[in-house]
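Heads up, the thing below is written out as structure tokens.
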Amino acid sequence: MLPRSRPVINEADLARQAGVPIATWRWRDAPGFRQRVASLFPNSRILIYDHAQARAYLNGLSIPALPAGEHPEDLLNDKETAALLGVAASTVRAYATQGYLSAGTTVYSVRVWPRHDIEERRNNPPGQGKGGGRPPGKGKGPRKAHAYEGDPRLHTAAAALSTAENAPRGHLAAALAHQHGGSTRTWERILAQAGRATGPASAARRFASD
């Protein structure tokens, strides 16, 4: 998380400021630096640091603490966004590509979203009030046939129904929640929508042909 959208820096820029090649920085300076300054996205392969903390380290000063608590202007990566929405990180990326979530912005190759945008989406899911439903600028189009219309999880649910004919719906929903993220109850609703009217097998064929 990037707290309060504070300025950040990566190790390549740190090496340039230190006046050494990045390879030298990584084997000589990075180990000590990383012990004192934590990456803002610790589970990401792209290491980004708070600029003020990094500068303090380079100047031999005490490392300032980051702001505590949550703030609407915090910037979240796909995993953090997924945790707020109750879905998988891959679903967040699909939402952004398809326009059901803002495209976000990129910071040192990491796509991030403001916390306030994600909380609004969470509190107003598709088909439920302000922010739910269509991407911005498409308010005059036809209404959704159902709350999950266009949701990429429908494809997953339809495929699961077609290969688990006799599995209890609750067990299938729990398995999908464990594999893809989200709650069991949400997956039960998505499974119900995927199998409605045409039945599981037909639904799977229909979604596969979209």
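Note on naming: chains are A, B, ... as they come in the structure tokens, residues start from 1 per chain, ligands start from 1 in the order shown.
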
*With a distance cut-off of 9 Å and only C-alpha atoms, select the neighbouring residues of Gln53 of chain A, excluding the residue or stretch itself and same-chain residues fewer than 5 positions from it, and output the selection as an NGL selection string.*
:A and (37 or 58 or 62-66)

Let me see the file: selected residues, N, CA, C and O atoms, as a PDB file, in the first residue's frame.
```pdb
ATOM      1  N   VAL A  37      14.486  -0.230   5.747  1.00  0.00           N
ATOM      2  CA  VAL A  37      13.340   0.384   5.059  1.00  0.00           C
ATOM      3  C   VAL A  37      12.525  -0.718   4.398  1.00  0.00           C
ATOM      4  O   VAL A  37      13.027  -1.437   3.529  1.00  0.00           O
ATOM      5  N   LEU A  58      19.560   7.224   3.326  1.00  0.00           N
ATOM      6  CA  LEU A  58      20.740   7.627   2.569  1.00  0.00           C
ATOM      7  C   LEU A  58      21.508   8.747   3.255  1.00  0.00           C
ATOM      8  O   LEU A  58      22.732   8.859   3.115  1.00  0.00           O
ATOM      9  N   SER A  62      17.320   9.245  11.169  1.00  0.00           N
ATOM     10  CA  SER A  62      16.328   8.303  11.677  1.00  0.00           C
ATOM     11  C   SER A  62      15.233   8.100  10.632  1.00  0.00           C
ATOM     12  O   SER A  62      14.811   9.060   9.959  1.00  0.00           O
ATOM     13  N   ILE A  63      14.786   6.857  10.502  1.00  0.00           N
ATOM     14  CA  ILE A  63      13.752   6.548   9.512  1.00  0.00           C
ATOM     15  C   ILE A  63      12.392   7.003  10.049  1.00  0.00           C
ATOM     16  O   ILE A  63      11.952   6.542  11.102  1.00  0.00           O
ATOM     17  N   PRO A  64      11.716   7.934   9.365  1.00  0.00           N
ATOM     18  CA  PRO A  64      10.412   8.394   9.852  1.00  0.00           C
ATOM     19  C   PRO A  64       9.358   7.303   9.698  1.00  0.00           C
ATOM     20  O   PRO A  64       9.417   6.487   8.779  1.00  0.00           O
ATOM     21  N   ALA A  65       8.396   7.298  10.608  1.00  0.00           N
ATOM     22  CA  ALA A  65       7.306   6.319  10.540  1.00  0.00           C
ATOM     23  C   ALA A  65       6.318   6.715   9.455  1.00  0.00           C
ATOM     24  O   ALA A  65       6.115   7.899   9.166  1.00  0.00           O
ATOM     25  N   LEU A  66       5.712   5.717   8.861  1.00  0.00           N
ATOM     26  CA  LEU A  66       4.660   5.974   7.883  1.00  0.00           C
ATOM     27  C   LEU A  66       3.375   6.351   8.605  1.00  0.00           C
ATOM     28  O   LEU A  66       3.175   5.989   9.775  1.00  0.00           O
TER      29      LEU A  66
END
```

*asked:* I'd like the contact shell of Arg115 of chain A - 6 Å cut-off, only C-alpha atoms, skipping same-chain residues fewer than 5 positions apart - returned as an NGL selection string.
replied: :A and (72-75)

With all heavy atoms retained, could you export that selection as a compact mmCIF listing (two decimals), in the first residue's frame?
```
# COMPACT_ATOMS: atom_id res chain seq x y z
N PRO A 72 -8.49 7.53 2.59
CA PRO A 72 -9.11 7.40 1.26
C PRO A 72 -8.12 7.52 0.11
O PRO A 72 -8.35 6.96 -0.97
CB PRO A 72 -10.13 8.55 1.23
CG PRO A 72 -10.46 8.80 2.66
CD PRO A 72 -9.18 8.54 3.41
N GLU A 73 -7.01 8.24 0.32
CA GLU A 73 -6.04 8.44 -0.77
C GLU A 73 -4.95 7.38 -0.80
O GLU A 73 -4.03 7.48 -1.61
CB GLU A 73 -5.41 9.84 -0.66
CG GLU A 73 -6.40 10.98 -0.81
CD GLU A 73 -7.15 10.93 -2.15
OE1 GLU A 73 -6.52 10.56 -3.15
OE2 GLU A 73 -8.34 11.27 -2.16
N ASP A 74 -5.01 6.37 0.08
CA ASP A 74 -4.06 5.26 -0.03
C ASP A 74 -4.17 4.64 -1.41
O ASP A 74 -5.27 4.53 -1.98
CB ASP A 74 -4.36 4.18 1.02
CG ASP A 74 -4.13 4.66 2.45
OD1 ASP A 74 -3.40 5.65 2.63
OD2 ASP A 74 -4.69 4.02 3.36
N LEU A 75 -3.04 4.18 -1.96
CA LEU A 75 -3.04 3.49 -3.24
C LEU A 75 -2.80 2.01 -3.01
O LEU A 75 -1.82 1.63 -2.36
CB LEU A 75 -1.96 4.07 -4.16
CG LEU A 75 -2.17 5.53 -4.59
CD1 LEU A 75 -1.02 6.01 -5.47
CD2 LEU A 75 -3.50 5.71 -5.31
```

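The interatomic distance for the pair atom CA of Ala12 of chain A and atom CA of Tyr49 of chain A works out to 11.3 Å.
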
*Just the residues within 9 Å of Leu84 of chain A, please, counting only C-alpha atoms, with nothing from its chain fewer than 3 positions along; format it as a list of chain:residue names.*
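Skipping anything fewer than 3 positions along the chain leaves A:Lys79, A:Glu80, A:Thr81, A:Val87, A:Ile118, A:Glu119, A:Arg122.
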
*Show which residues sit within 12 Å of Gln35 of chain A, as a list of chain:residue names. Count only C-alpha atoms, and ignore same-chain residues fewer than 4 positions away.*
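Residues near the query, excluding close chain neighbours: A:Asp29, A:Ala30, A:Pro31, A:Ser39, A:Ala54, A:Tyr57, A:Ile63.
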
Dump as a short mmCIF file (atom, residue, chain, number, x, y, z; two decimals), in the first residue's frame, selection limited to C-alpha atoms:
```cif
data_model
loop_
_atom_site.label_atom_id
_atom_site.label_comp_id
_atom_site.auth_asym_id
_atom_site.auth_seq_id
_atom_site.Cartn_x
_atom_site.Cartn_y
_atom_site.Cartn_z
CA ASP A 29 23.87 -1.63 -0.46
CA ALA A 30 20.46 -3.26 -0.86
CA PRO A 31 20.74 -5.86 1.95
CA SER A 39 9.01 -2.27 0.78
CA ALA A 54 14.65 6.15 1.67
CA TYR A 57 18.41 6.27 5.25
CA ILE A 63 13.75 6.55 9.51
#
```

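DSSP, applied to the backbone of this structure, assigns strand (DSSP E) to the following residues of segment 9-206 of chain A: Ile9, Asn10, Ile48, Tyr49, Asp50, Leu75, Leu76, Thr105, Thr106, Val107, Val110, Arg111, Val112, Trp113 and Pro114 of chain A.
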
*asked:* For Ala83 of chain A, find every residue with an atom within 12 Å (counting only C-alpha atoms), except residues of its own chain fewer than 6 positions away, and show them as a PyMOL selection string.
replied: chain A and resi 76-77+89-92+115+118-119+122+180-183
